[in-house]
Every structure is written in C-alpha cells, then in structure tokens.
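K.L.:
To be precise about what I am sending: the file is called data-v9.cif and holds mmCIF, C-alpha atoms, pLDDT in the B column; chains and numbers go by the auth columns.
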```cif
data_start
loop_
_atom_site.group_PDB
_atom_site.id
_atom_site.type_symbol
_atom_site.label_atom_id
_atom_site.label_comp_id
_atom_site.label_asym_id
_atom_site.label_seq_id
_atom_site.Cartn_x
_atom_site.Cartn_y
_atom_site.Cartn_z
_atom_site.B_iso_or_equiv
_atom_site.auth_seq_id
_atom_site.auth_asym_id
ATOM 1 C CA LYS A 1 -6.557 -13.689 10.435 40.00 1 Z
ATOM 2 C CA PHE A 2 -9.912 -15.282 11.138 43.00 2 Z
ATOM 3 C CA TYR A 3 -11.209 -14.467 14.569 41.00 3 Z
ATOM 4 C CA PHE A 4 -12.788 -17.154 16.726 44.00 4 Z
ATOM 5 C CA ALA A 5 -12.575 -18.559 20.233 44.00 5 Z
ATOM 6 C CA ASP A 6 -9.045 -19.532 21.167 48.00 6 Z
ATOM 7 C CA LYS A 7 -7.860 -21.190 24.368 50.00 7 Z
ATOM 8 C CA ASP A 8 -4.799 -18.987 24.413 55.00 8 Z
ATOM 9 C CA GLN A 9 -6.034 -15.715 25.923 58.00 9 Z
ATOM 10 C CA SER A 10 -2.984 -13.762 24.765 63.00 10 Z
ATOM 11 C CA VAL A 11 -3.584 -14.806 21.154 55.00 11 Z
ATOM 12 C CA LYS A 12 -7.255 -13.890 21.515 53.00 12 Z
ATOM 13 C CA ASN A 13 -6.367 -10.432 22.849 57.00 13 Z
ATOM 14 C CA HIS A 14 -3.854 -9.879 20.060 56.00 14 Z
ATOM 15 C CA ARG A 15 -6.473 -10.756 17.446 51.00 15 Z
ATOM 16 C CA ARG A 16 -9.030 -8.450 19.037 51.00 16 Z
ATOM 17 C CA LYS A 17 -6.565 -5.565 18.964 54.00 17 Z
ATOM 18 C CA SER A 18 -5.710 -6.314 15.326 54.00 18 Z
ATOM 19 C CA VAL A 19 -9.374 -6.192 14.334 47.00 19 Z
ATOM 20 C CA ASP A 20 -9.993 -2.990 16.276 49.00 20 Z
ATOM 21 C CA LYS A 21 -6.946 -1.330 14.738 49.00 21 Z
ATOM 22 C CA MET A 22 -8.062 -2.224 11.227 46.00 22 Z
ATOM 23 C CA LEU A 23 -11.623 -1.103 11.811 42.00 23 Z
ATOM 24 C CA LYS A 24 -10.522 2.303 13.097 46.00 24 Z
ATOM 25 C CA GLN A 25 -8.880 2.913 9.727 45.00 25 Z
ATOM 26 C CA LEU A 26 -12.034 2.031 7.823 44.00 26 Z
ATOM 27 C CA GLU A 27 -14.858 4.192 9.113 45.00 27 Z
ATOM 28 C CA TRP A 28 -16.347 5.435 5.836 48.00 28 Z
ATOM 29 C CA GLN A 29 -18.123 2.438 4.428 58.00 29 Z
ATOM 30 C CA GLN A 30 -21.203 3.623 2.543 65.00 30 Z
ATOM 31 C CA TYR A 31 -21.334 2.127 -0.938 74.00 31 Z
ATOM 32 C CA CYS A 32 -22.489 4.858 -3.300 74.00 32 Z
ATOM 33 C CA GLY A 33 -23.050 2.969 -6.537 78.00 33 Z
ATOM 34 C CA ASP A 34 -26.454 2.102 -7.943 81.00 34 Z
ATOM 35 C CA GLU A 35 -28.154 -1.053 -6.666 84.00 35 Z
ATOM 36 C CA SER A 36 -28.175 -2.486 -10.192 87.00 36 Z
ATOM 37 C CA ARG A 37 -24.365 -2.659 -10.132 88.00 37 Z
ATOM 38 C CA ILE A 38 -24.468 -4.850 -7.031 90.00 38 Z
ATOM 39 C CA GLU A 39 -27.261 -7.081 -8.309 91.00 39 Z
ATOM 40 C CA LYS A 40 -25.519 -7.666 -11.638 93.00 40 Z
ATOM 41 C CA ALA A 41 -22.193 -8.529 -10.027 93.00 41 Z
ATOM 42 C CA MET A 42 -23.781 -10.766 -7.381 94.00 42 Z
ATOM 43 C CA ALA A 43 -25.587 -12.720 -10.080 94.00 43 Z
ATOM 44 C CA LYS A 44 -22.242 -13.424 -11.728 95.00 44 Z
ATOM 45 C CA VAL A 45 -20.692 -14.462 -8.418 95.00 45 Z
ATOM 46 C CA LYS A 46 -23.556 -16.904 -7.915 93.00 46 Z
ATOM 47 C CA ASN A 47 -23.069 -18.545 -11.298 93.00 47 Z
ATOM 48 C CA ASN A 48 -19.286 -18.384 -11.717 95.00 48 Z
ATOM 49 C CA ARG A 49 -16.436 -19.530 -9.497 95.00 49 Z
ATOM 50 C CA VAL A 50 -14.115 -16.680 -10.473 96.00 50 Z
ATOM 51 C CA LEU A 51 -15.303 -13.143 -11.219 95.00 51 Z
ATOM 52 C CA THR A 52 -12.974 -10.319 -12.220 95.00 52 Z
ATOM 53 C CA LEU A 53 -14.159 -6.741 -11.747 95.00 53 Z
ATOM 54 C CA LEU A 54 -12.336 -4.724 -14.396 92.00 54 Z
ATOM 55 C CA GLY A 55 -11.766 -1.008 -14.811 90.00 55 Z
ATOM 56 C CA ILE A 56 -9.324 1.844 -14.437 88.00 56 Z
ATOM 57 C CA GLY A 57 -8.257 2.981 -10.995 85.00 57 Z
ATOM 58 C CA GLY A 58 -10.754 4.926 -8.913 80.00 58 Z
ATOM 59 C CA LEU A 59 -13.956 3.500 -10.379 82.00 59 Z
ATOM 60 C CA GLY A 60 -14.901 1.668 -7.190 83.00 60 Z
ATOM 61 C CA LYS A 61 -13.917 -1.916 -7.986 90.00 61 Z
ATOM 62 C CA THR A 62 -12.786 -2.586 -4.428 85.00 62 Z
ATOM 63 C CA ALA A 63 -15.864 -0.864 -3.023 85.00 63 Z
ATOM 64 C CA LEU A 64 -18.126 -3.026 -5.192 89.00 64 Z
ATOM 65 C CA ALA A 65 -16.299 -6.230 -4.239 89.00 65 Z
ATOM 66 C CA THR A 66 -16.578 -5.393 -0.565 83.00 66 Z
ATOM 67 C CA GLU A 67 -20.238 -4.476 -0.845 86.00 67 Z
ATOM 68 C CA ILE A 68 -20.845 -7.913 -2.340 89.00 68 Z
ATOM 69 C CA VAL A 69 -19.088 -9.464 0.657 85.00 69 Z
ATOM 70 C CA ARG A 70 -21.086 -7.245 2.999 82.00 70 Z
ATOM 71 C CA ARG A 71 -24.337 -8.572 1.516 85.00 71 Z
ATOM 72 C CA TYR A 72 -23.216 -12.182 1.726 87.00 72 Z
ATOM 73 C CA LEU A 73 -22.162 -11.760 5.357 80.00 73 Z
ATOM 74 C CA LYS A 74 -25.871 -11.550 6.151 80.00 74 Z
ATOM 75 C CA THR A 75 -26.606 -14.886 4.465 84.00 75 Z
ATOM 76 C CA ASN A 76 -25.486 -18.476 4.894 83.00 76 Z
ATOM 77 C CA ASP A 77 -24.144 -18.765 1.349 90.00 77 Z
ATOM 78 C CA TYR A 78 -20.515 -18.533 2.492 88.00 78 Z
ATOM 79 C CA ASP A 79 -18.746 -19.279 5.739 83.00 79 Z
ATOM 80 C CA TYR A 80 -15.404 -17.497 5.343 84.00 80 Z
ATOM 81 C CA PHE A 81 -14.397 -14.198 3.755 82.00 81 Z
ATOM 82 C CA PRO A 82 -10.614 -13.732 3.315 81.00 82 Z
ATOM 83 C CA PHE A 83 -9.689 -10.372 1.778 80.00 83 Z
ATOM 84 C CA ILE A 84 -6.220 -9.870 0.300 81.00 84 Z
ATOM 85 C CA THR A 85 -5.153 -6.446 -0.927 78.00 85 Z
ATOM 86 C CA SER A 86 -2.025 -4.421 -1.596 73.00 86 Z
ATOM 87 C CA LYS A 87 -3.836 -1.168 -0.835 67.00 87 Z
ATOM 88 C CA SER A 88 -2.962 0.925 2.171 55.00 88 Z
ATOM 89 C CA SER A 89 -5.591 2.801 4.164 48.00 89 Z
ATOM 90 C CA GLU A 90 -4.238 6.038 2.683 39.00 90 Z
ATOM 91 C CA GLN A 91 -5.292 4.789 -0.745 39.00 91 Z
ATOM 92 C CA GLY A 92 -8.855 4.470 0.412 37.00 92 Z
ATOM 93 C CA HIS A 93 -8.912 0.796 1.336 34.00 93 Z
ATOM 94 C CA TYR A 94 -12.573 -0.158 1.684 36.00 94 Z
ATOM 95 C CA THR A 95 -13.529 -3.139 3.756 36.00 95 Z
ATOM 96 C CA PHE A 96 -15.578 -4.201 6.783 36.00 96 Z
ATOM 97 C CA SER A 97 -16.570 -1.624 9.397 37.00 97 Z
ATOM 98 C CA LYS A 98 -18.908 -0.922 12.284 34.00 98 Z
ATOM 99 C CA ARG A 99 -21.741 -0.523 9.767 32.00 99 Z
ATOM 100 C CA ILE A 100 -21.952 -4.278 9.342 35.00 100 Z
ATOM 101 C CA GLU A 101 -22.357 -6.881 12.033 39.00 101 Z
ATOM 102 C CA ARG A 102 -18.900 -7.077 13.549 39.00 102 Z
ATOM 103 C CA SER A 103 -19.585 -6.558 17.236 38.00 103 Z
ATOM 104 C CA ASN A 104 -17.821 -9.807 18.092 46.00 104 Z
ATOM 105 C CA PRO A 105 -14.188 -9.685 16.825 43.00 105 Z
ATOM 106 C CA GLU A 106 -13.922 -13.429 17.428 48.00 106 Z
ATOM 107 C CA ASP A 107 -16.544 -14.188 14.773 51.00 107 Z
ATOM 108 C CA ARG A 108 -14.722 -16.672 12.562 47.00 108 Z
ATOM 109 C CA LYS A 109 -16.537 -15.384 9.489 50.00 109 Z
ATOM 110 C CA ILE A 110 -14.906 -11.976 9.537 46.00 110 Z
ATOM 111 C CA HIS A 111 -11.544 -11.310 8.021 47.00 111 Z
ATOM 112 C CA PRO A 112 -11.032 -7.527 8.002 41.00 112 Z
ATOM 113 C CA GLY A 113 -8.461 -7.442 5.226 45.00 113 Z
ATOM 114 C CA THR A 114 -4.692 -7.625 5.058 46.00 114 Z
ATOM 115 C CA VAL A 115 -3.362 -4.193 4.159 44.00 115 Z
ATOM 116 C CA ASN A 116 -0.132 -3.728 2.225 51.00 116 Z
ATOM 117 C CA THR A 117 0.405 -7.315 1.175 66.00 117 Z
ATOM 118 C CA ASN A 118 -0.630 -9.607 -1.625 74.00 118 Z
ATOM 119 C CA ASP A 119 1.729 -12.372 -0.538 84.00 119 Z
ATOM 120 C CA PHE A 120 0.225 -15.745 -1.429 90.00 120 Z
ATOM 121 C CA GLN A 121 1.591 -17.324 1.745 88.00 121 Z
ATOM 122 C CA VAL A 122 -0.377 -14.825 3.834 83.00 122 Z
ATOM 123 C CA LEU A 123 -3.557 -16.086 2.198 84.00 123 Z
ATOM 124 C CA ILE A 124 -2.537 -19.708 2.756 89.00 124 Z
ATOM 125 C CA ASN A 125 -1.666 -19.158 6.427 85.00 125 Z
ATOM 126 C CA THR A 126 -4.901 -17.243 6.975 79.00 126 Z
ATOM 127 C CA LEU A 127 -7.102 -19.926 5.458 83.00 127 Z
ATOM 128 C CA LEU A 128 -5.215 -22.668 7.263 86.00 128 Z
ATOM 129 C CA GLU A 129 -6.948 -21.461 10.430 81.00 129 Z
ATOM 130 C CA ILE A 130 -10.206 -22.903 9.103 80.00 130 Z
ATOM 131 C CA ASP A 131 -8.729 -26.381 9.385 85.00 131 Z
ATOM 132 C CA ASP A 132 -9.909 -27.714 12.740 82.00 132 Z
ATOM 133 C CA THR A 133 -8.554 -31.244 12.224 89.00 133 Z
ATOM 134 C CA ARG A 134 -5.003 -30.274 13.239 91.00 134 Z
ATOM 135 C CA SER A 135 -3.556 -28.541 16.257 91.00 135 Z
ATOM 136 C CA GLN A 136 -1.546 -25.351 15.863 88.00 136 Z
ATOM 137 C CA THR A 137 1.602 -27.321 16.661 93.00 137 Z
ATOM 138 C CA GLU A 138 0.858 -29.731 13.820 94.00 138 Z
ATOM 139 C CA LYS A 139 0.179 -26.840 11.453 92.00 139 Z
ATOM 140 C CA ASN A 140 3.498 -25.238 12.359 92.00 140 Z
ATOM 141 C CA ARG A 141 5.301 -28.395 11.261 95.00 141 Z
ATOM 142 C CA LEU A 142 3.700 -28.463 7.813 95.00 142 Z
ATOM 143 C CA THR A 143 5.724 -27.616 4.716 95.00 143 Z
ATOM 144 C CA ASP A 144 4.501 -24.825 2.439 93.00 144 Z
ATOM 145 C CA LYS A 145 3.319 -27.418 -0.086 95.00 145 Z
ATOM 146 C CA GLN A 146 1.370 -29.314 2.567 96.00 146 Z
ATOM 147 C CA LYS A 147 -0.255 -26.079 3.704 95.00 147 Z
ATOM 148 C CA LYS A 148 -1.168 -25.208 0.135 96.00 148 Z
ATOM 149 C CA ASP A 149 -2.704 -28.630 -0.504 96.00 149 Z
ATOM 150 C CA ILE A 150 -4.810 -28.344 2.654 95.00 150 Z
ATOM 151 C CA VAL A 151 -6.035 -24.872 1.723 94.00 151 Z
ATOM 152 C CA PHE A 152 -6.889 -25.941 -1.824 96.00 152 Z
ATOM 153 C CA GLY A 153 -8.941 -28.732 -0.256 95.00 153 Z
ATOM 154 C CA LEU A 154 -10.704 -26.180 1.935 93.00 154 Z
ATOM 155 C CA PHE A 155 -11.587 -24.131 -1.153 94.00 155 Z
ATOM 156 C CA LYS A 156 -13.089 -27.275 -2.646 94.00 156 Z
ATOM 157 C CA ASN A 157 -15.001 -28.528 0.391 93.00 157 Z
ATOM 158 C CA LYS A 158 -15.891 -25.354 2.320 90.00 158 Z
ATOM 159 C CA LYS A 159 -17.861 -22.271 1.303 91.00 159 Z
ATOM 160 C CA ILE A 160 -15.267 -19.507 0.921 91.00 160 Z
ATOM 161 C CA LEU A 161 -15.775 -16.125 -0.702 91.00 161 Z
ATOM 162 C CA CYS A 162 -12.292 -14.704 -1.274 90.00 162 Z
ATOM 163 C CA VAL A 163 -11.490 -11.228 -2.578 88.00 163 Z
ATOM 164 C CA ILE A 164 -8.120 -10.693 -4.257 90.00 164 Z
ATOM 165 C CA ASP A 165 -7.800 -6.933 -4.671 88.00 165 Z
ATOM 166 C CA ASN A 166 -5.478 -5.015 -7.027 88.00 166 Z
ATOM 167 C CA TYR A 167 -4.519 -8.106 -8.999 91.00 167 Z
ATOM 168 C CA GLU A 168 -2.337 -6.040 -11.334 90.00 168 Z
ATOM 169 C CA ASP A 169 0.167 -5.754 -8.479 88.00 169 Z
ATOM 170 C CA ILE A 170 0.311 -9.541 -8.260 90.00 170 Z
ATOM 171 C CA GLU A 171 0.848 -9.893 -11.990 89.00 171 Z
ATOM 172 C CA ARG A 172 3.998 -7.770 -11.783 89.00 172 Z
ATOM 173 C CA ASP A 173 5.587 -10.457 -9.601 89.00 173 Z
ATOM 174 C CA ASN A 174 6.207 -13.675 -11.558 92.00 174 Z
ATOM 175 C CA VAL A 175 6.400 -15.865 -8.451 92.00 175 Z
ATOM 176 C CA GLN A 176 3.223 -14.504 -6.890 91.00 176 Z
ATOM 177 C CA ARG A 177 1.400 -14.578 -10.219 92.00 177 Z
ATOM 178 C CA GLU A 178 2.109 -18.267 -10.719 94.00 178 Z
ATOM 179 C CA LYS A 179 0.965 -19.147 -7.203 94.00 179 Z
ATOM 180 C CA TYR A 180 -2.324 -17.276 -7.474 94.00 180 Z
ATOM 181 C CA ALA A 181 -2.900 -18.592 -10.990 93.00 181 Z
ATOM 182 C CA GLU A 182 -2.627 -22.142 -9.672 95.00 182 Z
ATOM 183 C CA LEU A 183 -5.324 -21.465 -7.066 95.00 183 Z
ATOM 184 C CA ILE A 184 -7.615 -19.785 -9.589 94.00 184 Z
ATOM 185 C CA GLU A 185 -7.164 -22.602 -12.085 95.00 185 Z
ATOM 186 C CA PHE A 186 -7.884 -25.148 -9.352 95.00 186 Z
ATOM 187 C CA LEU A 187 -11.110 -23.373 -8.450 94.00 187 Z
ATOM 188 C CA MET A 188 -12.260 -23.155 -12.045 93.00 188 Z
ATOM 189 C CA GLU A 189 -11.595 -26.837 -12.698 93.00 189 Z
ATOM 190 C CA ASN A 190 -13.242 -28.298 -9.579 93.00 190 Z
ATOM 191 C CA GLU A 191 -16.852 -28.445 -8.452 93.00 191 Z
ATOM 192 C CA THR A 192 -17.099 -26.210 -5.396 94.00 192 Z
ATOM 193 C CA GLN A 193 -19.332 -23.655 -3.725 94.00 193 Z
ATOM 194 C CA SER A 194 -16.345 -21.374 -3.074 95.00 194 Z
ATOM 195 C CA ARG A 195 -15.837 -18.215 -5.108 96.00 195 Z
ATOM 196 C CA ILE A 196 -13.054 -15.733 -5.839 95.00 196 Z
ATOM 197 C CA ILE A 197 -13.641 -12.085 -6.710 95.00 197 Z
ATOM 198 C CA ILE A 198 -10.699 -10.344 -8.363 94.00 198 Z
ATOM 199 C CA THR A 199 -10.351 -6.611 -8.895 93.00 199 Z
ATOM 200 C CA ALA A 200 -7.960 -5.557 -11.634 92.00 200 Z
ATOM 201 C CA ARG A 201 -7.307 -2.912 -14.244 89.00 201 Z
ATOM 202 C CA GLU A 202 -6.577 -5.628 -16.802 86.00 202 Z
ATOM 203 C CA SER A 203 -6.950 -9.383 -16.544 84.00 203 Z
ATOM 204 C CA GLU A 204 -8.025 -12.445 -18.507 85.00 204 Z
ATOM 205 C CA LEU A 205 -9.023 -14.448 -15.443 87.00 205 Z
ATOM 206 C CA GLY A 206 -12.499 -15.860 -14.931 87.00 206 Z
ATOM 207 C CA VAL A 207 -15.725 -14.186 -15.984 88.00 207 Z
ATOM 208 C CA LYS A 208 -15.259 -10.456 -16.452 90.00 208 Z
ATOM 209 C CA GLU A 209 -17.494 -7.598 -15.338 89.00 209 Z
ATOM 210 C CA MET A 210 -16.585 -4.084 -16.460 88.00 210 Z
ATOM 211 C CA VAL A 211 -17.058 -1.461 -13.762 87.00 211 Z
ATOM 212 C CA ASP A 212 -18.364 1.696 -15.432 81.00 212 Z
ATOM 213 C CA TYR A 213 -17.932 5.312 -14.458 77.00 213 Z
ATOM 214 C CA LEU A 214 -20.328 6.625 -11.833 75.00 214 Z
ATOM 215 C CA ASN A 215 -23.341 8.443 -13.232 76.00 215 Z
ATOM 216 C CA ASN A 216 -24.338 11.910 -12.007 81.00 216 Z
ATOM 217 C CA LYS A 217 -26.677 10.548 -9.320 81.00 217 Z
ATOM 218 C CA GLU A 218 -23.983 8.231 -7.981 77.00 218 Z
ATOM 219 C CA ILE A 219 -21.390 11.015 -7.981 76.00 219 Z
ATOM 220 C CA LYS A 220 -23.737 13.252 -5.983 79.00 220 Z
ATOM 221 C CA ASN A 221 -24.358 10.447 -3.498 75.00 221 Z
ATOM 222 C CA LEU A 222 -20.625 9.781 -3.200 74.00 222 Z
ATOM 223 C CA LEU A 223 -19.816 13.435 -2.515 76.00 223 Z
ATOM 224 C CA GLN A 224 -22.591 13.718 0.086 75.00 224 Z
ATOM 225 C CA GLU A 225 -21.399 10.629 1.943 70.00 225 Z
ATOM 226 C CA ARG A 226 -17.784 11.752 1.771 68.00 226 Z
ATOM 227 C CA ILE A 227 -18.607 15.170 3.197 70.00 227 Z
ATOM 228 C CA LYS A 228 -20.672 13.552 5.941 70.00 228 Z
ATOM 229 C CA TRP A 229 -17.828 11.201 6.784 63.00 229 Z
ATOM 230 C CA TYR A 230 -15.250 14.015 6.927 62.00 230 Z
ATOM 231 C CA GLY A 231 -17.562 15.936 9.247 65.00 231 Z
ATOM 232 C CA GLU A 232 -17.964 12.993 11.598 61.00 232 Z
ATOM 233 C CA SER A 233 -14.203 12.364 11.563 56.00 233 Z
ATOM 234 C CA ALA A 234 -13.456 15.998 12.403 54.00 234 Z
ATOM 235 C CA GLN A 235 -15.791 15.875 15.421 59.00 235 Z
ATOM 236 C CA GLU A 236 -13.993 12.809 16.737 55.00 236 Z
#
```
As structure tokens, please, write out the structure in this file.
P.N.:
Amino acid sequence: KFYFADKDQSVKNHRRKSVDKMLKQLEWQQYCGDESRIEKAMAKVKNNRVLTLLGIGGLGKTALATEIVRRYLKTNDYDYFPFITSKSSEQGHYTFSKRIERSNPEDRKIHPGTVNTNDFQVLINTLLEIDDTRSQTEKNRLTDKQKKDIVFGLFKNKKILCVIDNYEDIERDNVQREKYAELIEFLMENETQSRIIITARESELGVKEMVDYLNNKEIKNLLQERIKWYGESAQE
C-alpha cells in the first residue's frame, strides 16, 4: 500500500512492518546497465503515456523500470509510484531499498512493490488510498466498478508513475488482461501527466523499447556488484 500518516496507530504499525519486511528482501539494488539505457528509456517515458520495455527474461527489464522510478523519486514529476509484479523475491525482484530515500515508511510516495500478484483489484485498492475525499468507511462501501472509476480519474488528474511488471503473466489470464487493457487504453486516450511502464517478453502495448543484452563492461559491473552484495549478506 501507500504509506502515510494514519490516525489508526495499529494500521500505521502494520504498514511500517510491511515496508520493512519487503525492504529486507531487496538489499541488492545497484543498477548495472549503462547510463545511456536509462536516459533513452526516461526520454520515452517523458513523451509517451505508456512505455513497454521488451526483451527475453533476464535482460534487466525490471531493473531498468525500477531505476527509472528511482530517478523520478528524487524529482517532483510524479507523486505516486505503484509497482505491480508477479515476481517473487527468489526470482530476483528488484525494487526500492535503503539505497534510495526511504527512511520514513509513511512517505505516501513510496510503494515498495506487491510480490506474487498481478491482480488488477490489488492495484485498484492500492491507488484508492490516494483519494482523500472519502473516508475509509465510505471506500469500503464502494462497488468494484465505483472503485475502478475513481482510480481511473486519479490516473487522469494526478501524477502517477505505475510499473506493471511481467505483463506476459497477465496476458495468460483473459480476465486480468481485459481489465489492465482497459486502464492502458484509458491512459492512452486521455490527456494526463500519469505514465505506465510495462515490462514484457512480448507485447503490442504503447511505445516499445527493446532491452538489449548487457555489453562486456556492464556484465563486469554486474558481477562485481553481485559479489559485493553476496559478501555483505554473508557478513550479516
């Protein structure tokens, strides 16, 4: 969920523990690709509402998407950063860590990722927390369609940078695929400052950016960082 001040102390404590638990799984966070990869992708995010990072598994699509989010966290270009993925931490899930500014787990900007789900309703319920015009009781009474309409409005009127990771998993589920496709189509057809970054092995959605194989310099950097990370983990 998004993390911000809440009158209910028990809810606040639960959210803090959820953030801490996620962050402990995600210690190795050094992006090892060349700077030109980031600059090229960020330019496309700036000029297009939906960007799909394409490539076979293991090329670093998720890492690149998260590095883009990491950079934008330091700016005022976007206010909210939901991250939906079907990856588990064992698969190398790469998202926010102690290496970026996350000292306050109640910072409403930071959404540390939702591991092991790509359920559309999770995204809707997460983004519904941005809506400060309704109480939680009122939100609980909303139908799924009402929640969806509110969230689509938030995408239109707020500045949201949303990452939808491993989109090929979504496309295998007809129900989920249709729901996400409706959101993506809405974003592409409406004037908004919000953006969606998709990572996928194959997709026809939005503007596409092929993620290439790492070059020798990048591979060396990756191996050095990985070895360093394993060493630090072993000492802990």
K.L.:
I'd like the interatomic distance between CA of Glu39 in chain Z and CA of Arg195 in chain Z, to a tenth of an Å.
P.N.:
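It comes out at 16.3 Å.
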K.L.:
Between Z:Ala200, Z:Leu205, Z:Ile227, Z:Ile68, which is the closest to Leu54 in chain Z once you count only C-alpha atoms?
P.N.:
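Checking each of Z:Ala200, Z:Leu205, Z:Ile227, Z:Ile68 against Leu54 in chain Z, counting only C-alpha atoms, the winner is Z:Ala200.
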K.L.:
CA of Glu185 in chain Z to CA of Asn125 in chain Z: how many Å, to one decimal?
P.N.:
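A separation of 19.6 Å between them.
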K.L.:
Considering only C-alpha atoms, state which residue in the set Z:Thr52, Z:Thr192, Z:Gln136, Z:Thr62 is at the smallest distance from Glu209 in chain Z.
P.N.:
Z:Thr52
K.L.:
With all atoms listed in the file as the counted atoms, please give the residues lying no more than 10 Å from Gly60 in chain Z, apart from itself and same-chain residues fewer than 4 positions off, as a list in words.
P.N.:
Tyr31, Cys32, Gly33, Leu53, Leu54, Gly55, Ile56, Leu64, Ala65, Thr66, Tyr94, Thr199, Val211, Asp212, Tyr213 and Leu214 of chain Z
K.L.:
Write the residues of the preceding selection, restricted to C-alpha atoms, as an mmCIF file, in the coordinates of the input.
P.N.:
```cif
data_model
loop_
_atom_site.group_PDB
_atom_site.id
_atom_site.type_symbol
_atom_site.label_atom_id
_atom_site.label_comp_id
_atom_site.auth_asym_id
_atom_site.auth_seq_id
_atom_site.Cartn_x
_atom_site.Cartn_y
_atom_site.Cartn_z
ATOM 1 C CA TYR Z 31 -21.334 2.127 -0.938
ATOM 2 C CA CYS Z 32 -22.489 4.858 -3.300
ATOM 3 C CA GLY Z 33 -23.050 2.969 -6.537
ATOM 4 C CA LEU Z 53 -14.159 -6.741 -11.747
ATOM 5 C CA LEU Z 54 -12.336 -4.724 -14.396
ATOM 6 C CA GLY Z 55 -11.766 -1.008 -14.811
ATOM 7 C CA ILE Z 56 -9.324 1.844 -14.437
ATOM 8 C CA LEU Z 64 -18.126 -3.026 -5.192
ATOM 9 C CA ALA Z 65 -16.299 -6.230 -4.239
ATOM 10 C CA THR Z 66 -16.578 -5.393 -0.565
ATOM 11 C CA TYR Z 94 -12.573 -0.158 1.684
ATOM 12 C CA THR Z 199 -10.351 -6.611 -8.895
ATOM 13 C CA VAL Z 211 -17.058 -1.461 -13.762
ATOM 14 C CA ASP Z 212 -18.364 1.696 -15.432
ATOM 15 C CA TYR Z 213 -17.932 5.312 -14.458
ATOM 16 C CA LEU Z 214 -20.328 6.625 -11.833
#
```
K.L.:
May I ask for the distance between CA of Gln176 in chain Z and CA of Phe120 in chain Z, given in Å to one decimal place?
P.N.:
6.4 Å
